[in-house]
file start_36.cif (mmCIF, C-alpha atoms)
data_entry
loop_
_atom_site.label_atom_id
_atom_site.label_comp_id
_atom_site.auth_asym_id
_atom_site.auth_seq_id
_atom_site.Cartn_x
_atom_site.Cartn_y
_atom_site.Cartn_z
CA MET A 77 35.47 48.06 -9.78
CA SER A 78 37.74 45.22 -8.74
CA GLN A 79 36.57 41.63 -8.25
CA ASP A 80 37.38 41.87 -4.50
CA THR A 81 35.26 45.03 -4.16
CA SER A 82 32.32 43.29 -5.89
CA ARG A 83 32.62 40.34 -3.51
CA ASN A 84 32.67 42.67 -0.48
CA ASP A 85 29.61 44.55 -1.72
CA LEU A 86 27.75 41.27 -2.28
CA LYS A 87 28.74 40.02 1.18
CA ARG A 88 27.54 43.31 2.76
CA GLN A 89 24.19 43.03 0.95
CA LEU A 90 23.69 39.45 2.15
CA LEU A 91 24.50 40.39 5.76
CA ASP A 92 22.13 43.38 5.64
CA GLY A 93 19.39 41.14 4.27
CA ALA A 94 19.95 38.59 7.01
CA ARG A 95 19.74 41.28 9.71
CA LYS A 96 16.49 42.60 8.28
CA ARG A 97 14.98 39.08 8.18
CA LYS A 98 16.04 38.53 11.79
CA ARG A 99 14.43 41.81 12.92
CA SER A 100 11.18 41.01 11.07
CA ARG A 101 10.91 37.39 12.25
CA PRO A 102 7.54 36.85 14.02
CA THR A 103 7.61 36.13 17.74
CA LEU A 104 5.94 33.15 19.40
CA GLU A 105 3.78 35.38 21.55
CA ARG A 106 0.15 34.24 21.70
CA ASP A 107 -2.46 36.61 23.10
CA GLY A 108 -4.11 35.24 26.19
CA GLU A 109 -1.96 32.08 26.38
CA PRO A 110 -0.42 31.62 29.85
CA GLY A 111 3.32 31.73 29.86
CA ALA A 112 3.55 32.82 26.22
CA SER A 113 5.81 35.79 25.62
CA ALA A 114 8.15 37.03 22.95
CA GLY A 115 10.73 34.34 22.28
CA LYS A 116 9.11 31.73 24.55
CA VAL A 117 7.57 28.60 23.04
CA PRO A 118 4.01 27.83 24.25
CA GLU A 119 3.87 24.63 26.28
CA ARG A 120 1.35 23.02 23.90
CA LEU A 121 4.03 23.02 21.17
CA THR A 122 6.38 20.94 23.31
CA ARG A 123 3.96 18.17 24.34
CA PHE A 124 3.08 15.11 22.28
CA ASP A 125 -0.29 14.79 24.02
CA ALA A 126 -1.16 18.21 22.59
CA HIS A 127 -0.33 17.19 19.03
CA PRO A 128 -3.41 17.38 16.73
CA GLY A 129 -2.98 13.74 15.73
CA TYR A 130 -3.03 12.55 19.33
CA GLN A 131 -5.98 14.79 20.12
CA GLN A 132 -7.97 13.20 17.28
CA LEU A 133 -6.98 9.72 18.43
CA SER A 134 -8.11 10.51 21.97
CA MET A 135 -11.50 11.70 20.74
CA MET A 136 -11.98 8.50 18.72
CA ARG A 137 -11.07 6.35 21.73
CA GLU A 138 -13.48 8.22 23.97
CA ALA A 139 -16.29 7.85 21.43
CA ALA A 140 -15.64 4.10 21.24
CA ARG A 141 -15.61 3.83 25.03
CA ARG A 142 -19.00 5.54 25.28
CA LEU A 143 -20.40 3.12 22.72
CA GLY A 144 -19.01 0.18 24.66
CA LEU A 145 -16.72 -0.88 21.82
CA THR A 146 -13.28 -2.39 22.05
CA ASP A 147 -10.49 -0.99 19.89
CA PRO A 148 -10.74 -2.92 16.59
CA PHE A 149 -7.13 -2.22 15.68
CA PHE A 150 -3.86 -3.92 16.62
CA ARG A 151 -5.65 -7.19 17.39
CA CYS A 152 -2.93 -9.66 18.30
CA HIS A 153 -2.83 -12.92 16.33
CA GLN A 154 -1.23 -15.74 18.28
CA GLY A 155 -0.03 -17.77 15.33
CA ASN A 156 -0.07 -17.89 11.55
CA ALA A 157 -2.99 -15.91 10.11
CA GLY A 158 -4.74 -17.38 7.10
CA ALA A 159 -8.33 -18.48 6.64
CA THR A 160 -8.32 -19.06 10.39
CA SER A 161 -6.32 -17.52 13.20
CA ARG A 162 -6.13 -17.39 16.98
CA ILE A 163 -7.00 -14.22 18.90
CA ASP A 164 -7.32 -13.96 22.69
CA ASP A 165 -6.85 -17.73 22.98
CA ARG A 166 -9.83 -18.38 20.68
CA ASP A 167 -9.84 -19.86 17.19
CA VAL A 168 -11.54 -17.53 14.73
CA ILE A 169 -12.48 -17.47 11.06
CA ASN A 170 -10.17 -14.81 9.74
CA PHE A 171 -10.93 -12.26 7.00
CA ALA A 172 -8.21 -9.78 7.93
CA SER A 173 -5.14 -11.27 6.26
CA TYR A 174 -3.53 -10.82 2.83
CA ASN A 175 -2.35 -14.44 2.85
CA TYR A 176 -4.25 -14.94 -0.41
CA LEU A 177 -2.69 -18.19 -1.59
CA GLY A 178 -1.97 -19.65 1.84
CA PHE A 179 1.81 -19.64 1.41
CA SER A 180 2.49 -17.99 4.76
CA GLY A 181 2.68 -21.01 7.05
CA ASP A 182 3.15 -23.54 4.25
CA PRO A 183 5.78 -26.04 5.51
CA ARG A 184 7.79 -25.78 2.30
CA VAL A 185 7.96 -22.01 2.55
CA ASN A 186 8.82 -22.21 6.24
CA GLN A 187 11.65 -24.64 5.49
CA ALA A 188 13.07 -22.31 2.85
CA ALA A 189 13.25 -19.59 5.50
CA ILE A 190 14.91 -21.92 8.02
CA ASP A 191 17.52 -23.16 5.55
CA ALA A 192 18.39 -19.64 4.41
CA LEU A 193 18.59 -18.36 7.98
CA GLN A 194 20.95 -21.12 9.02
CA HIS A 195 23.25 -20.55 6.05
CA TYR A 196 23.29 -16.74 5.80
CA GLY A 197 22.39 -15.58 9.31
CA SER A 198 19.60 -13.24 10.33
CA SER A 199 20.90 -10.08 8.62
CA VAL A 200 23.07 -9.14 5.66
CA SER A 201 24.24 -6.28 7.91
CA ALA A 202 24.79 -3.68 5.20
CA SER A 203 23.30 -2.06 2.15
CA ARG A 204 23.65 -4.31 -0.86
CA ILE A 205 25.88 -1.93 -2.80
CA VAL A 206 28.40 -1.89 0.07
CA SER A 207 28.67 -5.47 1.29
CA GLY A 208 25.14 -6.77 1.74
CA GLU A 209 24.74 -8.55 -1.60
CA ARG A 210 23.91 -12.28 -1.36
CA PRO A 211 23.04 -14.89 -4.02
CA PHE A 212 19.36 -15.03 -3.01
CA HIS A 213 18.89 -11.34 -3.85
CA GLY A 214 19.72 -11.88 -7.50
CA GLU A 215 17.76 -15.15 -7.62
CA LEU A 216 14.61 -13.49 -6.32
CA GLU A 217 14.92 -10.51 -8.64
CA ARG A 218 15.55 -12.78 -11.64
CA ALA A 219 12.49 -14.88 -10.76
CA ILE A 220 10.29 -11.77 -10.50
CA ALA A 221 11.60 -10.39 -13.81
CA ASP A 222 11.01 -13.73 -15.55
CA THR A 223 7.49 -13.89 -14.15
CA TYR A 224 6.73 -10.45 -15.60
CA GLN A 225 8.69 -11.20 -18.78
CA VAL A 226 10.71 -7.99 -18.45
CA ASP A 227 14.43 -7.21 -18.36
CA ASP A 228 15.03 -7.06 -14.62
CA ALA A 229 13.63 -6.35 -11.17
CA VAL A 230 14.86 -4.84 -7.91
CA VAL A 231 13.55 -5.64 -4.42
CA PHE A 232 13.19 -3.19 -1.53
CA VAL A 233 12.89 -4.11 2.16
CA SER A 234 9.57 -2.25 2.47
CA GLY A 235 6.57 -2.18 0.15
CA HIS A 236 5.69 1.36 1.24
CA ALA A 237 9.27 2.51 0.69
CA THR A 238 9.22 0.97 -2.80
CA ASN A 239 6.66 3.48 -4.03
CA VAL A 240 8.06 6.35 -1.98
CA SER A 241 11.60 5.90 -3.23
CA THR A 242 10.72 5.06 -6.84
CA LEU A 243 8.44 8.04 -7.42
CA GLY A 244 10.50 10.25 -5.15
CA TYR A 245 13.65 9.65 -7.19
CA LEU A 246 12.39 9.29 -10.78
CA LEU A 247 10.28 12.47 -10.83
CA GLY A 248 11.21 16.07 -10.08
CA PRO A 249 9.87 19.64 -9.98
CA GLY A 250 9.40 19.84 -13.75
CA ASP A 251 7.33 16.66 -13.89
CA LEU A 252 3.72 15.59 -13.32
CA ILE A 253 2.27 12.64 -11.40
CA LEU A 254 -1.31 11.70 -12.26
CA HIS A 255 -2.93 9.13 -10.00
CA ASP A 256 -6.23 7.48 -9.24
CA GLU A 257 -7.91 9.23 -6.32
CA TYR A 258 -7.88 5.91 -4.40
CA ILE A 259 -4.16 5.32 -4.86
CA HIS A 260 -2.21 4.02 -1.85
CA ASN A 261 -0.63 6.42 0.63
CA SER A 262 2.87 5.27 -0.40
CA ALA A 263 2.39 6.74 -3.88
CA LEU A 264 1.14 10.03 -2.43
CA VAL A 265 4.16 10.28 -0.14
CA GLY A 266 6.47 9.45 -3.04
CA ALA A 267 4.84 12.16 -5.15
CA GLN A 268 5.28 14.68 -2.34
CA LEU A 269 8.94 13.72 -1.93
CA SER A 270 9.62 14.12 -5.65
CA GLY A 271 8.58 17.76 -5.79
CA ALA A 272 6.60 17.02 -8.95
CA ARG A 273 3.14 18.45 -9.54
CA ARG A 274 0.48 15.97 -8.42
CA MET A 275 -3.07 15.64 -9.72
CA GLY A 276 -5.66 13.02 -8.86
CA PHE A 277 -8.42 11.84 -11.16
CA ALA A 278 -11.75 10.23 -10.30
CA HIS A 279 -11.53 6.56 -9.41
CA ASN A 280 -11.06 4.35 -12.49
CA ASP A 281 -12.19 7.25 -14.70
CA ALA A 282 -10.02 7.07 -17.82
CA ASP A 283 -11.93 9.98 -19.40
CA ALA A 284 -11.03 12.21 -16.46
CA LEU A 285 -7.36 11.20 -16.85
CA GLU A 286 -7.48 11.95 -20.56
CA ASP A 287 -8.90 15.39 -19.88
CA LEU A 288 -6.09 16.20 -17.45
CA LEU A 289 -3.48 15.10 -19.98
CA ARG A 290 -5.03 17.14 -22.78
CA ARG A 291 -4.96 20.24 -20.61
CA HIS A 292 -1.63 19.82 -18.84
CA ARG A 293 0.74 17.41 -20.65
CA SER A 294 2.52 20.14 -22.62
CA GLN A 295 3.42 22.02 -19.42
CA PHE A 296 5.60 19.25 -18.01
CA GLU A 297 8.62 17.16 -18.94
CA ARG A 298 8.10 13.63 -17.61
CA VAL A 299 4.61 12.43 -16.77
CA VAL A 300 3.72 9.23 -14.91
CA ILE A 301 0.24 7.75 -14.46
CA VAL A 302 -0.11 5.65 -11.29
CA ILE A 303 -2.92 3.11 -10.86
CA GLU A 304 -3.44 -0.09 -8.89
CA GLY A 305 -4.06 -3.58 -10.23
CA LEU A 306 -6.73 -4.32 -7.62
CA TYR A 307 -7.98 -1.66 -5.23
CA SER A 308 -7.92 -3.00 -1.68
CA MET A 309 -10.64 -0.70 -0.39
CA ASP A 310 -13.26 -1.60 -3.01
CA GLY A 311 -12.06 -4.81 -4.65
CA ASP A 312 -12.38 -3.39 -8.18
CA LEU A 313 -9.84 -2.95 -10.97
CA PRO A 314 -8.93 -0.49 -13.75
CA ASP A 315 -9.44 -0.96 -17.48
CA LEU A 316 -5.76 -1.59 -18.21
CA PRO A 317 -5.99 -1.57 -22.04
CA ARG A 318 -7.62 1.86 -21.94
CA PHE A 319 -4.96 3.27 -19.61
CA VAL A 320 -2.23 1.84 -21.83
CA GLU A 321 -3.76 3.47 -24.90
CA ILE A 322 -3.97 6.83 -23.12
CA LYS A 323 -0.40 6.76 -21.83
CA ARG A 324 0.95 5.89 -25.28
CA ARG A 325 -0.96 8.68 -27.00
CA HIS A 326 0.20 11.28 -24.47
CA GLN A 327 3.78 9.96 -24.15
CA ALA A 328 3.60 9.24 -20.46
CA TRP A 329 4.84 6.44 -18.24
CA LEU A 330 2.34 4.02 -16.73
CA MET A 331 2.98 2.56 -13.28
CA VAL A 332 0.80 -0.27 -11.94
CA ASP A 333 0.85 -1.14 -8.24
CA GLU A 334 0.13 -4.90 -8.07
CA ALA A 335 0.23 -5.26 -4.29
CA HIS A 336 -3.20 -6.92 -4.27
CA SER A 337 -3.57 -8.15 -7.86
CA PHE A 338 -0.47 -10.35 -8.18
CA GLY A 339 -1.36 -13.97 -7.45
CA VAL A 340 -5.05 -13.04 -7.48
CA LEU A 341 -5.93 -12.10 -11.07
CA GLY A 342 -5.42 -14.14 -14.23
CA GLU A 343 -5.50 -17.85 -14.99
CA ARG A 344 -2.05 -18.36 -13.43
CA GLY A 345 -2.20 -15.52 -10.94
CA LEU A 346 0.11 -13.34 -13.01
CA GLY A 347 -1.91 -10.25 -12.24
CA LEU A 348 -3.61 -7.48 -14.15
CA ARG A 349 -1.74 -8.00 -17.42
CA GLU A 350 -2.83 -11.64 -17.60
CA HIS A 351 -6.40 -10.73 -16.70
CA PHE A 352 -6.57 -8.36 -19.68
CA GLU A 353 -4.03 -10.22 -21.88
CA VAL A 354 -1.87 -7.10 -22.19
CA PRO A 355 1.82 -7.55 -23.15
CA PRO A 356 4.00 -6.80 -20.11
CA GLU A 357 6.13 -4.21 -21.92
CA GLU A 358 3.05 -2.00 -22.37
CA VAL A 359 3.39 -1.01 -18.70
CA ASP A 360 6.55 0.97 -17.93
CA ILE A 361 6.78 0.32 -14.18
CA TRP A 362 5.43 -2.83 -12.52
CA MET A 363 5.33 -2.56 -8.76
CA GLY A 364 4.32 -5.20 -6.24
CA THR A 365 4.75 -6.33 -2.66
CA MET A 366 5.95 -9.61 -1.20
CA SER A 367 3.94 -9.47 2.03
CA LYS A 368 0.76 -10.85 0.49
CA THR A 369 0.81 -13.60 -2.16
CA LEU A 370 4.57 -14.13 -1.74
CA ALA A 371 4.51 -14.70 2.03
CA GLY A 372 7.44 -12.43 2.82
CA CYS A 373 8.00 -8.72 3.27
CA GLY A 374 9.11 -5.84 1.07
CA GLY A 375 8.37 -4.65 -2.44
CA TYR A 376 9.70 -4.83 -5.98
CA ILE A 377 9.93 -2.85 -9.18
CA ALA A 378 10.09 -4.71 -12.49
CA GLY A 379 10.67 -3.26 -15.94
CA CYS A 380 13.32 -2.37 -18.49
CA GLN A 381 17.02 -2.58 -17.67
CA ALA A 382 17.55 1.20 -17.61
CA LEU A 383 14.76 1.66 -15.06
CA VAL A 384 16.02 -1.07 -12.75
CA ASP A 385 19.68 -0.05 -13.02
CA THR A 386 18.76 3.53 -12.16
CA LEU A 387 16.83 2.52 -9.05
CA ARG A 388 19.38 -0.05 -7.94
CA HIS A 389 22.23 2.44 -8.01
CA LEU A 390 20.51 5.73 -7.13
CA ALA A 391 17.10 5.32 -5.41
CA PRO A 392 17.69 6.32 -1.75
CA GLY A 393 15.24 3.76 -0.33
CA PHE A 394 17.33 0.99 -1.87
CA LEU A 395 20.81 2.47 -1.96
CA TYR A 396 20.94 3.54 1.69
CA SER A 397 18.89 0.71 3.18
CA VAL A 398 20.12 -2.62 4.50
CA GLY A 399 19.61 -5.49 2.09
CA MET A 400 16.71 -7.91 2.50
CA PRO A 401 17.57 -10.68 5.00
CA ALA A 402 17.72 -14.30 3.91
CA GLN A 403 14.75 -15.49 5.97
CA VAL A 404 12.55 -12.91 4.19
CA ALA A 405 13.82 -13.30 0.62
CA ALA A 406 13.94 -17.10 0.57
CA PRO A 407 10.25 -17.64 1.48
CA SER A 408 9.15 -15.23 -1.26
CA LEU A 409 11.34 -17.01 -3.80
CA LYS A 410 9.87 -20.37 -2.75
CA ALA A 411 6.30 -19.02 -2.78
CA LEU A 412 6.81 -17.68 -6.30
CA GLU A 413 8.08 -21.08 -7.42
CA LEU A 414 5.07 -22.82 -5.86
CA MET A 415 2.64 -20.30 -7.35
CA HIS A 416 3.81 -21.32 -10.82
CA GLU A 417 3.58 -25.03 -9.94
CA GLU A 418 0.18 -24.85 -8.23
CA PRO A 419 -2.15 -22.52 -10.19
CA GLN A 420 -5.09 -24.29 -8.56
CA ARG A 421 -4.51 -22.10 -5.52
CA THR A 422 -5.40 -19.02 -7.57
CA HIS A 423 -8.40 -20.87 -9.03
CA ARG A 424 -9.67 -21.74 -5.53
CA LEU A 425 -9.17 -18.16 -4.38
CA GLN A 426 -11.13 -16.83 -7.32
CA ALA A 427 -13.93 -19.37 -6.79
CA ILE A 428 -14.39 -18.72 -3.07
CA SER A 429 -14.22 -14.95 -3.65
CA ARG A 430 -16.98 -15.14 -6.24
CA TYR A 431 -19.03 -17.32 -3.90
CA PHE A 432 -18.68 -14.78 -1.09
CA LEU A 433 -19.70 -11.92 -3.40
CA GLU A 434 -22.71 -13.77 -4.82
CA GLN A 435 -23.99 -14.89 -1.40
CA ALA A 436 -23.53 -11.41 0.06
CA ARG A 437 -25.51 -9.83 -2.77
CA THR A 438 -28.22 -12.48 -2.41
CA LEU A 439 -28.64 -11.29 1.18
CA GLY A 440 -28.98 -7.72 -0.05
CA LEU A 441 -25.63 -6.58 1.33
CA ASP A 442 -23.94 -3.60 -0.35
CA THR A 443 -20.64 -4.85 -1.82
CA GLY A 444 -20.00 -1.77 -3.94
CA ASP A 445 -18.06 -2.33 -7.16
CA SER A 446 -16.14 -5.40 -6.01
CA ILE A 447 -15.49 -7.92 -8.78
CA GLY A 448 -15.17 -10.73 -6.24
CA ALA A 449 -11.42 -11.31 -6.35
CA ALA A 450 -9.89 -11.65 -2.87
CA VAL A 451 -11.32 -8.32 -1.63
CA VAL A 452 -15.01 -7.83 -0.90
CA PRO A 453 -16.25 -4.86 1.15
CA VAL A 454 -19.62 -4.78 2.83
CA ILE A 455 -20.56 -1.12 3.01
CA ILE A 456 -22.37 -0.27 6.26
CA GLY A 457 -22.68 3.51 5.94
CA SER A 458 -21.79 4.43 9.53
CA SER A 459 -18.43 4.24 11.30
CA ALA A 460 -20.08 3.51 14.65
CA ARG A 461 -22.16 0.71 13.16
CA ALA A 462 -19.18 -0.77 11.27
CA ALA A 463 -17.11 -0.80 14.47
CA ALA A 464 -20.01 -2.33 16.39
CA LEU A 465 -20.42 -5.07 13.80
CA SER A 466 -16.73 -5.91 13.86
CA HIS A 467 -16.93 -6.20 17.64
CA ALA A 468 -20.07 -8.36 17.52
CA LEU A 469 -18.59 -10.69 14.92
CA LEU A 470 -15.42 -11.18 16.93
CA GLU A 471 -17.61 -12.21 19.85
CA ARG A 472 -18.90 -14.91 17.48
CA ASP A 473 -15.33 -15.96 16.55
CA ILE A 474 -15.22 -14.15 13.21
CA ASN A 475 -12.46 -11.60 12.65
CA VAL A 476 -13.01 -8.82 10.12
CA GLN A 477 -11.70 -5.27 10.28
CA PRO A 478 -13.84 -2.13 9.97
CA ILE A 479 -12.75 0.72 7.73
CA LEU A 480 -13.90 3.95 9.32
CA HIS A 481 -14.00 7.67 8.60
CA PRO A 482 -11.70 9.44 7.72
CA ALA A 483 -10.08 6.52 5.87
CA VAL A 484 -13.30 6.49 3.81
CA PRO A 485 -16.23 8.93 3.70
CA GLU A 486 -18.61 8.42 6.63
CA LYS A 487 -21.36 7.10 4.35
CA SER A 488 -18.89 4.53 2.98
CA ALA A 489 -17.74 3.03 6.30
CA ARG A 490 -17.46 -0.70 5.80
CA LEU A 491 -16.30 -4.12 6.83
CA ARG A 492 -13.54 -5.29 4.51
CA PHE A 493 -13.30 -9.03 3.87
CA PHE A 494 -10.07 -10.51 2.54
CA LEU A 495 -10.47 -14.03 1.16
CA SER A 496 -7.92 -16.83 1.08
CA CYS A 497 -7.79 -19.91 -1.12
CA GLU A 498 -8.15 -21.86 2.14
CA HIS A 499 -11.55 -20.42 3.08
CA THR A 500 -14.47 -22.83 2.68
CA GLU A 501 -18.06 -22.25 1.60
CA GLN A 502 -19.18 -23.34 5.07
CA GLN A 503 -17.04 -20.60 6.65
CA VAL A 504 -18.44 -18.03 4.24
CA ASP A 505 -22.04 -19.12 4.93
CA ARG A 506 -21.52 -18.99 8.69
CA THR A 507 -19.95 -15.54 8.44
CA LEU A 508 -22.63 -14.01 6.23
CA ASP A 509 -25.45 -15.48 8.34
CA ALA A 510 -23.86 -13.99 11.47
CA LEU A 511 -23.35 -10.64 9.75
CA ASN A 512 -26.94 -10.54 8.57
CA GLU A 513 -28.23 -11.36 12.07
CA GLU A 514 -26.10 -8.68 13.70
CA LEU A 515 -27.13 -6.10 11.11
CA THR A 516 -30.78 -6.86 11.78
CA ARG A 517 -30.21 -6.55 15.53
CA LEU A 518 -28.50 -3.18 15.17
CA GLN A 519 -31.24 -1.85 12.93
#
call {"tool": "encode", "arguments": {"input": "start_36.cif", "output": "structure tokens"}}
result
Amino acid sequence: MSQDTSRNDLKRQLLDGARKRKRSRPTLERDGEPGASAGKVPERLTRFDAHPGYQQLSMMREAARRLGLTDPFFRCHQGNAGATSRIDDRDVINFASYNYLGFSGDPRVNQAAIDALQHYGSSVSASRIVSGERPFHGELERAIADTYQVDDAVVFVSGHATNVSTLGYLLGPGDLILHDEYIHNSALVGAQLSGARRMGFAHNDADALEDLLRRHRSQFERVVIVIEGLYSMDGDLPDLPRFVEIKRRHQAWLMVDEAHSFGVLGERGLGLREHFEVPPEEVDIWMGTMSKTLAGCGGYIAGCQALVDTLRHLAPGFLYSVGMPAQVAAPSLKALELMHEEPQRTHRLQAISRYFLEQARTLGLDTGDSIGAAVVPVIIGSSARAAALSHALLERDINVQPILHPAVPEKSARLRFFLSCEHTEQQVDRTLDALNEELTRLQ
């Protein structure tokens, strides 16, 4: 048989297969649905108000309306949000900001943004690899790498996209991603994008992780373990030395998301590694965000040169995205400089966080496993009650966000307090007294 004949036979087989698939394709007919017939799309599939997500949102809004509650989300702050803020033309004590060290709004940080904006303009107008590279990009990345004492760092314009693009690119179908069950959504989306197998382990349970590795490590090529430096829902942290020991023994990578731990943990605010006195090279991938301690926006990956070079040249979320603008990068660079010069900010944050935790526990409030470092939840146990408390506190000029089901289990609905180094003991006392009074009233 000639080569041409073989090609014709193969082409005929493919066409026959396509015709069979077309004939067997299911129709869109739905029994009993008005207007639905073979080949016609039901109206509910063409309307956004019929989407399951919108239907759920509508039910939640109706339930809140019946309870007489205002929507606790998308509250508009009318100025800089730190230990205090302004909402609806009223000054409030604010516990709903990640401005941990008070650098957002600091005049020196603001001036850095103004100077950079005036010199470089409001946009670099291209991806960095094409023509968007500016001196401040390299300066910021060098400063982050030096802070972590690693080879290099790369910054992304979005913290969420940092995890999505990093995990999505580095891992593939033959690999395994093991993550804490409370890991951030960005890591879950990145794992899904990668096509790798994904397995969660019980929160902060190193034994459960070890068991998964013993049973599954040999079935995969690359394996990465993803944990957070400080969990923003509970305010607790992982046993980093134990996770390092496990990843070394099972020849896996360890990735630590320091979105909430950088600037918060350690004597100088250097994060989880300083808290546990672990050498930085023991963690393969350091990830963090610049929207919290560093008063900007975006995320970063820090580590060895090969890792950073790979992401800088090939990770889609960096390669195909516009470069970070000057007025975003410059404030983060200045905030990082000031963090090194003023470690007392971290000390004040740690002190006021411990004070909040101790006073809350004295009142018998359920603060879960929080260690008292910037994040302290007060677990209420009912979404309706948590929303009602948030509403009542705002009426008393105290802003704190509720975390409701399904973001957490219904019995774990909570108010989540984020502390700043600028909060005072008087503000904490006033807040906890008000919370205790409103809890008593609801009960």
call {"tool": "closest_atom_pairs", "arguments": {"input": "start_36.cif", "of": "segment 285-325 of chain A", "to": "segment 438-458 of chain A", "cutoff": "10 Å", "atoms": "all atoms listed in the file", "output": "Markdown table"}}
result
| residue | atom | partner | partner_atom | distance |
| --- | --- | --- | --- | --- |
| A:Leu306 | CA | A:Ala449 | CA | 8.5 |
| A:Tyr307 | CA | A:Val451 | CA | 8.3 |
| A:Ser308 | CA | A:Val451 | CA | 6.3 |
| A:Met309 | CA | A:Pro453 | CA | 7.2 |
| A:Asp310 | CA | A:Ser446 | CA | 5.6 |
| A:Gly311 | CA | A:Ser446 | CA | 4.3 |
| A:Asp312 | CA | A:Ser446 | CA | 4.8 |
| A:Leu313 | CA | A:Ile447 | CA | 7.8 |
call {"tool": "residues_near_point", "arguments": {"input": "start_36.cif", "point": "(2.1, -20.9, -9.2)", "cutoff": "12 Å", "atoms": "only C-alpha atoms", "output": "PyMOL selection string"}}
result
chain A and resi 177-179+223+338-340+342-347+369-370+409-423
call {"tool": "write_last_selection", "arguments": {"input": "start_36.cif", "atoms": "C-alpha atoms", "output": "PDB file, in the frame of the given file"}}
result
ATOM      1  CA  LEU A 177      -2.690 -18.190  -1.590  1.00  0.00           C
ATOM      2  CA  GLY A 178      -1.970 -19.650   1.840  1.00  0.00           C
ATOM      3  CA  PHE A 179       1.810 -19.640   1.410  1.00  0.00           C
ATOM      4  CA  THR A 223       7.490 -13.890 -14.150  1.00  0.00           C
ATOM      5  CA  PHE A 338      -0.470 -10.350  -8.180  1.00  0.00           C
ATOM      6  CA  GLY A 339      -1.360 -13.970  -7.450  1.00  0.00           C
ATOM      7  CA  VAL A 340      -5.050 -13.040  -7.480  1.00  0.00           C
ATOM      8  CA  GLY A 342      -5.420 -14.140 -14.230  1.00  0.00           C
ATOM      9  CA  GLU A 343      -5.500 -17.850 -14.990  1.00  0.00           C
ATOM     10  CA  ARG A 344      -2.050 -18.360 -13.430  1.00  0.00           C
ATOM     11  CA  GLY A 345      -2.200 -15.520 -10.940  1.00  0.00           C
ATOM     12  CA  LEU A 346       0.110 -13.340 -13.010  1.00  0.00           C
ATOM     13  CA  GLY A 347      -1.910 -10.250 -12.240  1.00  0.00           C
ATOM     14  CA  THR A 369       0.810 -13.600  -2.160  1.00  0.00           C
ATOM     15  CA  LEU A 370       4.570 -14.130  -1.740  1.00  0.00           C
ATOM     16  CA  LEU A 409      11.340 -17.010  -3.800  1.00  0.00           C
ATOM     17  CA  LYS A 410       9.870 -20.370  -2.750  1.00  0.00           C
ATOM     18  CA  ALA A 411       6.300 -19.020  -2.780  1.00  0.00           C
ATOM     19  CA  LEU A 412       6.810 -17.680  -6.300  1.00  0.00           C
ATOM     20  CA  GLU A 413       8.080 -21.080  -7.420  1.00  0.00           C
ATOM     21  CA  LEU A 414       5.070 -22.820  -5.860  1.00  0.00           C
ATOM     22  CA  MET A 415       2.640 -20.300  -7.350  1.00  0.00           C
ATOM     23  CA  HIS A 416       3.810 -21.320 -10.820  1.00  0.00           C
ATOM     24  CA  GLU A 417       3.580 -25.030  -9.940  1.00  0.00           C
ATOM     25  CA  GLU A 418       0.180 -24.850  -8.230  1.00  0.00           C
ATOM     26  CA  PRO A 419      -2.150 -22.520 -10.190  1.00  0.00           C
ATOM     27  CA  GLN A 420      -5.090 -24.290  -8.560  1.00  0.00           C
ATOM     28  CA  ARG A 421      -4.510 -22.100  -5.520  1.00  0.00           C
ATOM     29  CA  THR A 422      -5.400 -19.020  -7.570  1.00  0.00           C
ATOM     30  CA  HIS A 423      -8.400 -20.870  -9.030  1.00  0.00           C
TER      31      HIS A 423
END
call {"tool": "atom_distance", "arguments": {"input": "start_36.cif", "atom1": "atom CA of Arg388 of chain A", "atom2": "atom CA of Ser337 of chain A"}}
result
24.3 Å
call {"tool": "residues_near_point", "arguments": {"input": "start_36.cif", "point": "(23.3, -22.2, 4.7)", "cutoff": "12 Å", "atoms": "only C-alpha atoms", "output": "PyMOL selection string"}}
result
chain A and resi 187-198+210-212+402-403+406
call {"tool": "write_last_selection", "arguments": {"input": "start_36.cif", "atoms": "C-alpha atoms", "output": "short mmCIF file (atom, residue, chain, number, x, y, z; two decimals), keeping the file's coordinate frame"}}
result
data_model
loop_
_atom_site.label_atom_id
_atom_site.label_comp_id
_atom_site.auth_asym_id
_atom_site.auth_seq_id
_atom_site.Cartn_x
_atom_site.Cartn_y
_atom_site.Cartn_z
CA GLN A 187 11.65 -24.64 5.49
CA ALA A 188 13.07 -22.31 2.85
CA ALA A 189 13.25 -19.59 5.50
CA ILE A 190 14.91 -21.92 8.02
CA ASP A 191 17.52 -23.16 5.55
CA ALA A 192 18.39 -19.64 4.41
CA LEU A 193 18.59 -18.36 7.98
CA GLN A 194 20.95 -21.12 9.02
CA HIS A 195 23.25 -20.55 6.05
CA TYR A 196 23.29 -16.74 5.80
CA GLY A 197 22.39 -15.58 9.31
CA SER A 198 19.60 -13.24 10.33
CA ARG A 210 23.91 -12.28 -1.36
CA PRO A 211 23.04 -14.89 -4.02
CA PHE A 212 19.36 -15.03 -3.01
CA ALA A 402 17.72 -14.30 3.91
CA GLN A 403 14.75 -15.49 5.97
CA ALA A 406 13.94 -17.10 0.57
#
call {"tool": "resolve_selection", "arguments": {"input": "start_36.cif", "expression": "the PyMOL selection byres ((chain A and resi 169) around 7)", "output": "number ranges by chain"}}
result
A: 159-161, 168, 170-171, 473-475
call {"tool": "resolve_selection", "arguments": {"input": "start_36.cif", "expression": "the PyMOL selection byres ((chain A and resi 317) around 12)", "output": "list in words"}}
result
Ala282, Leu313, Pro314, Asp315, Leu316, Arg318, Phe319, Val320, Glu321, Ile322, Lys323, Arg324, Leu330, Leu348, Arg349, Glu350, His351, Phe352, Glu353, Val354, Pro355, Pro356, Glu358 and Val359 of chain A
